[in-house]
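The block underneath contains the structure these notes are about, expressed in structure tokens.
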Amino acid sequence: MPVNITATTIVVTPTATTVYTLQGATATSTCSGTQTIQIVLKTTPVVAVNNPTACAGSPLLFTANGGTAYAWTGPVAFVSAVQNPTLVNAQVPNTGNYTVLVTGANGCTNSAISSASVANIPLPTTVGNNTACSQNFNGSTNTVALQAMGGNTYTWTNAPGFFPPFSVGPNFITTAPVTPVPVVGTLTVTITGALGCTAQAVHNITVIPNPVLLFAPAQPTLCFGKSTPISVSGASTYVWASGLTLNTTTGSLVVASPTANTTYTVVGSALGCNSDFHYITATVVPNPTVLIASGTPTICYGSGLVMNAIGATTYSWYPNSAISNTFMNSVIVNPLSIQQYTVVGELNSCTSTAVREVTVIPLPVLSTISSKSVICSGEVATINANGATNYQWTPISGIIGSSTTNFISVSPVTSTTYNLVGQNGACTGTAAVLITVVPRAELNLATTNNKICEGNSTTIFASGSQYFIWTPTLTINQLNPNTASVNPMSTTNYTVLAYNVIGTKTCNVTKEIEIQVIAKIIPSVSGNVTICEGETVKLIANGSDTYQWIPPNGLSVTDKSIVYANPKYTTTYTVTVSNSGNCGELAYVQVKVNPNPTVNAGPDLTFNLDDPMYLEAKGSGTLTWIFGQEIQCEVCPNTQIFPKTSGCYQIQAVNSFGCKAIDEVCVEVTANYNMYIPNIFTPNDDGKNDVFTVFGTGFTKIEISVFDRWGAKLYTTTDINKGWDGTFKGVLSKEDTYVYKVNFTTLDGKKITKTGHVTLMK
């Protein structure tokens, strides 16, 4: 309820907006006055903040709401006027209470405290060995035991290929992967400390592959009674087992001396890792038995002897002179005197030897003499030989008679060396005689043209020899030794002497070639002619034996002396007159073509016997009816006819060039219908003959048309019951004669046209 206060100054604390009233009066008057004042109550903003946490080095994020303006303060002199400020690189000293003063929209303020925590990132460490063998061969260690420290929880992530791939807890045992080469595996442990802050530690493990041993040779063999070295690589130290026939049981090189096939075992070690057991077998190969097979070990001087070695796979012969190949099983030897040969045969690297002696017999000595050493083709030479008892000449080509005597006659086609083999007992001697053949010239003559026109020249080519002599020389211009240009005035035979020379031997041949001279051609042709279109004219050319006409248009042939021309338009023909195509000359003739007149006799007609019958022809020039019965006017294109039977009529047109054209029209005369067509009517409305119409029977369809004398159509109808009243466009036509045309179809289906004249009289 209202409270009255009489003081002049009061302090109020309303809980809501309130209106206060002041009433006052002076001390000396009973008069008073009032005044009111309203106190508006503003609300204080409600502030909400977060309590952020962060790991050292990470951002610390503050949030606040409830006002329109914010003022933050905190540890390490932190201040900010941003509603949601961020401490980018938070550290442990930044831990503490942060106060934010929030101002609302009405200007009232309120504050709140945000408690922030920052924890250090843990510092992880790992302990454990850093190497492992790839496999646990012969006591090799292929596991690693690790321990992590510095946090609350631990998560291990293994390197690829290591086992197991994951683990939790501070202790971790891992198995190395199998690898042929050294591998570094990176293991990672994630450690979690205060406020969930994490860090990682990396532990590298080098995986050492167990040694893989290699032997050299991979498959050792040795001959019986011999030793073989065996080398091993891939490790640093080695221990051999089964070493009764070895010179040592340690080291990378041992010498084996087994008497039978033996298998040896070795283990290698390197970088603390041992290999698996490795095995190698030494194979003992028996020594070969080598033999030399050959024919009689006696040869003629200069001959060879084939010797074959057997019992091994590779061979070496000694001495290496006078022998075809010292490393083949089969060799040819040709010593000059008695010689002993040794072969060393090898089988599976084991060797053995064999020996063979060869005896050499001297050869006979041959001598030859020939009657001629150089001959022309076809000549004969004789050769005489001495020094042996039996003879054989080769080649046999060109030998006349026997080739097995010491005296022979030869006539080779080409230069030939005759080889002689002479025999005295088992050995033979050889000799050679060269017979050089000078070929007789195979003269070939050719010309660019063996027929030339009078006054022209041609070229003659000679070939097939070394040298040429030309005659006669009067009309020859020799271009080079085998080419000449000739220009005879008449047909001439040219002679060429060709010859070949070797040393002092000359062989020749002669040939002739004829050059025919064609006399100058004087062509002639029939004179120019004029024809009507469609006509044919004979053209004649003379002057030689070959003719060629151009153009071919309208010609019966193009390669005869006489041709027939039927051109469509005026044409000048050119004829080439030649001697079998040579020395052609030209002549010309024009065939002028005049146009034909045009003529049209009109379409075929059908008239009844009692009809007036007319023919209507059109054309150019003078028109004349030249065939037909009962023609009223033969020189009139339009004329009446009076036939009694059906027939055809021909009309001829003749133009100013005298060219003619003919056309034909056929008229069928029938008597199978009745039709009356009047030739006069009087359209004067007197009720008598006022309309031009057609009367008759025997037809089904009809069309009646009327024309004036200039061909303008004035009236047409297809109704026989109607007629022409003489008007055109509502106006009565003048008195005159008009042309009618009646097309109708008879009962038997014939289509007939009748034409005639009708006179209009008023």
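Within each chain, counting starts at residue 1; across the structure tokens, chains are named A, B, ... in the order shown, with ligands numbered 1 upward in that order.
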
9 Å contact set for A:Asn743, only C-alpha atoms, chain neighbours under 5 positions out, as number ranges by chain: A: 701-705, 751-755

What's around A:Cys197 at 7 Å? Count only C-alpha atoms, leave out sequence neighbours fewer than 5 positions away in its own chain, and write the answer as a compact mmCIF listing (two decimals) with N, CA, C and O atoms, in the first residue's frame.
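New file part_22.txt:
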```
# COMPACT_ATOMS: atom_id res chain seq x y z
N CYS A 55 45.80 -28.36 -24.28
CA CYS A 55 47.17 -28.82 -24.11
C CYS A 55 48.10 -27.68 -24.48
O CYS A 55 47.77 -26.83 -25.31
N ILE A 121 52.24 -31.18 -22.60
CA ILE A 121 52.23 -32.40 -23.42
C ILE A 121 53.24 -33.37 -22.83
O ILE A 121 54.36 -32.98 -22.49
N THR A 192 49.33 -40.90 -23.70
CA THR A 192 48.31 -39.95 -23.26
C THR A 192 48.62 -39.55 -21.81
O THR A 192 48.82 -40.41 -20.94
```

Non-local contacts of stretch 575-591 of chain A (9 Å; only C-alpha atoms; under 6 positions in same chain excluded) as a PyMOL selection string: chain A and resi 451-454+518-531+537+539+541-550+558+561+565-567+569

Non-local contacts of A:Asn158 (8 Å; only C-alpha atoms; under 3 positions in same chain excluded) as a count of residues only: 9

Exercise: stretch 496-499 of chain A partners within 8 Å, only C-alpha atoms, chain neighbours under 3 positions left out, as a CSV table (one decimal) with N, CA and C atoms, in the first residue's frame:
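For reference, out-v3.csv as written:
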```
chain,number,residue,atom,x,y,z
A,440,ARG,N,82.5,-62.3,-131.3
A,440,ARG,CA,82.1,-61.6,-132.5
A,440,ARG,C,80.9,-60.7,-132.1
A,441,ALA,N,80.9,-59.5,-132.7
A,441,ALA,CA,79.9,-58.5,-132.3
A,441,ALA,C,78.5,-59.0,-132.6
A,443,LEU,N,75.7,-57.6,-133.3
A,443,LEU,CA,75.3,-56.2,-133.7
A,443,LEU,C,73.8,-56.1,-133.7
A,465,SER,N,78.6,-54.2,-129.6
A,465,SER,CA,80.0,-54.3,-130.0
A,465,SER,C,80.8,-53.2,-129.4
A,466,GLN,N,82.1,-53.2,-129.6
A,466,GLN,CA,83.0,-52.2,-129.0
A,466,GLN,C,83.1,-51.0,-130.0
A,467,TYR,N,83.2,-51.3,-131.3
A,467,TYR,CA,83.5,-50.3,-132.3
A,467,TYR,C,82.6,-50.5,-133.5
A,468,PHE,N,82.3,-49.3,-134.2
A,468,PHE,CA,81.4,-49.3,-135.3
A,468,PHE,C,81.9,-48.5,-136.5
A,469,ILE,N,81.7,-48.9,-137.7
A,469,ILE,CA,82.0,-48.1,-138.9
A,469,ILE,C,80.7,-48.0,-139.8
A,470,TRP,N,80.3,-46.7,-140.1
A,470,TRP,CA,79.0,-46.5,-140.8
A,470,TRP,C,79.2,-46.1,-142.3
A,471,THR,N,78.3,-46.6,-143.1
A,471,THR,CA,78.3,-46.3,-144.6
A,471,THR,C,76.9,-46.3,-145.1
A,506,THR,N,91.0,-59.2,-133.7
A,506,THR,CA,89.9,-58.4,-134.0
A,506,THR,C,88.8,-59.4,-134.6
A,507,CYS,N,87.5,-59.2,-134.2
A,507,CYS,CA,86.4,-60.1,-134.6
A,507,CYS,C,85.3,-59.1,-135.0
A,508,ASN,N,84.7,-59.3,-136.3
A,508,ASN,CA,83.7,-58.3,-136.7
A,508,ASN,C,82.5,-59.0,-137.3
A,509,VAL,N,81.4,-58.1,-137.5
A,509,VAL,CA,80.2,-58.5,-138.1
A,509,VAL,C,79.6,-57.3,-138.8
A,510,THR,N,78.8,-57.5,-139.9
A,510,THR,CA,78.1,-56.4,-140.6
A,510,THR,C,76.6,-56.6,-140.7
A,511,LYS,N,75.8,-55.5,-140.6
A,511,LYS,CA,74.4,-55.6,-140.7
A,511,LYS,C,73.9,-54.3,-141.5
A,512,GLU,N,72.7,-54.4,-142.1
A,512,GLU,CA,72.1,-53.3,-142.8
A,512,GLU,C,70.8,-52.9,-142.1
```

Pick from A:Ser403, A:Gln83, A:Thr314, A:Asn480, whichever lies nearest to A:Phe327 using only C-alpha atoms: A:Thr314

Proximity to A:Asn84 - best of A:Val102, A:Pro180, A:Phe62, A:Val19, only C-alpha atoms: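 For A:Asn84, the nearest of the given residues is A:Phe62.
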
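Non-sequential neighbours of A:Asn456 (distance at most 9 Å, separation of 5 or more positions within a chain, only C-alpha atoms) are Val486, Asn487, Pro488, Met489 and Val517 of chain A.
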
Strand (DSSP E) residues, from DSSP on the backbone, in stretch 167-209 of chain A, as a PyMOL selection string: chain A and resi 167-168+171-175+183-192+198-208

Spatial neighbours of A:Ala132, max dist 12 Å, only C-alpha atoms, sep filter under 3 positions, as a PyMOL selection string: chain A and resi 128-129+135-136+139-145+162+173-179+182-185+204-210+271-274

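Of the listed residues A:Thr281, A:Thr190, A:Ser303, A:Thr697, the one whose atoms come nearest to A:Leu363 is A:Ser303, with distances taken using only C-alpha atoms.
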
Distance criterion (only C-alpha atoms): nearest to A:Pro637 out of A:Gly268, A:Gly621, A:Pro124, A:Pro59: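 Once distances to A:Pro637 are computed over only C-alpha atoms, the minimum belongs to A:Gly621.
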
Shortest interatomic distance to A:Thr491 - which of A:Leu714, A:Ala309, A:Ile680, A:Glu514, counting only C-alpha atoms: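 Checking each candidate against A:Thr491, we get A:Glu514 as the closest.
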
Of the listed residues A:Gly756, A:Gly304, A:Gly378, A:Pro395, that which approaches A:Pro439 most closely, counting only C-alpha atoms: A:Gly378

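Note that the spacing between atom CA of A:Leu253 and atom CA of A:Ala218 amounts to 13.4 Å.
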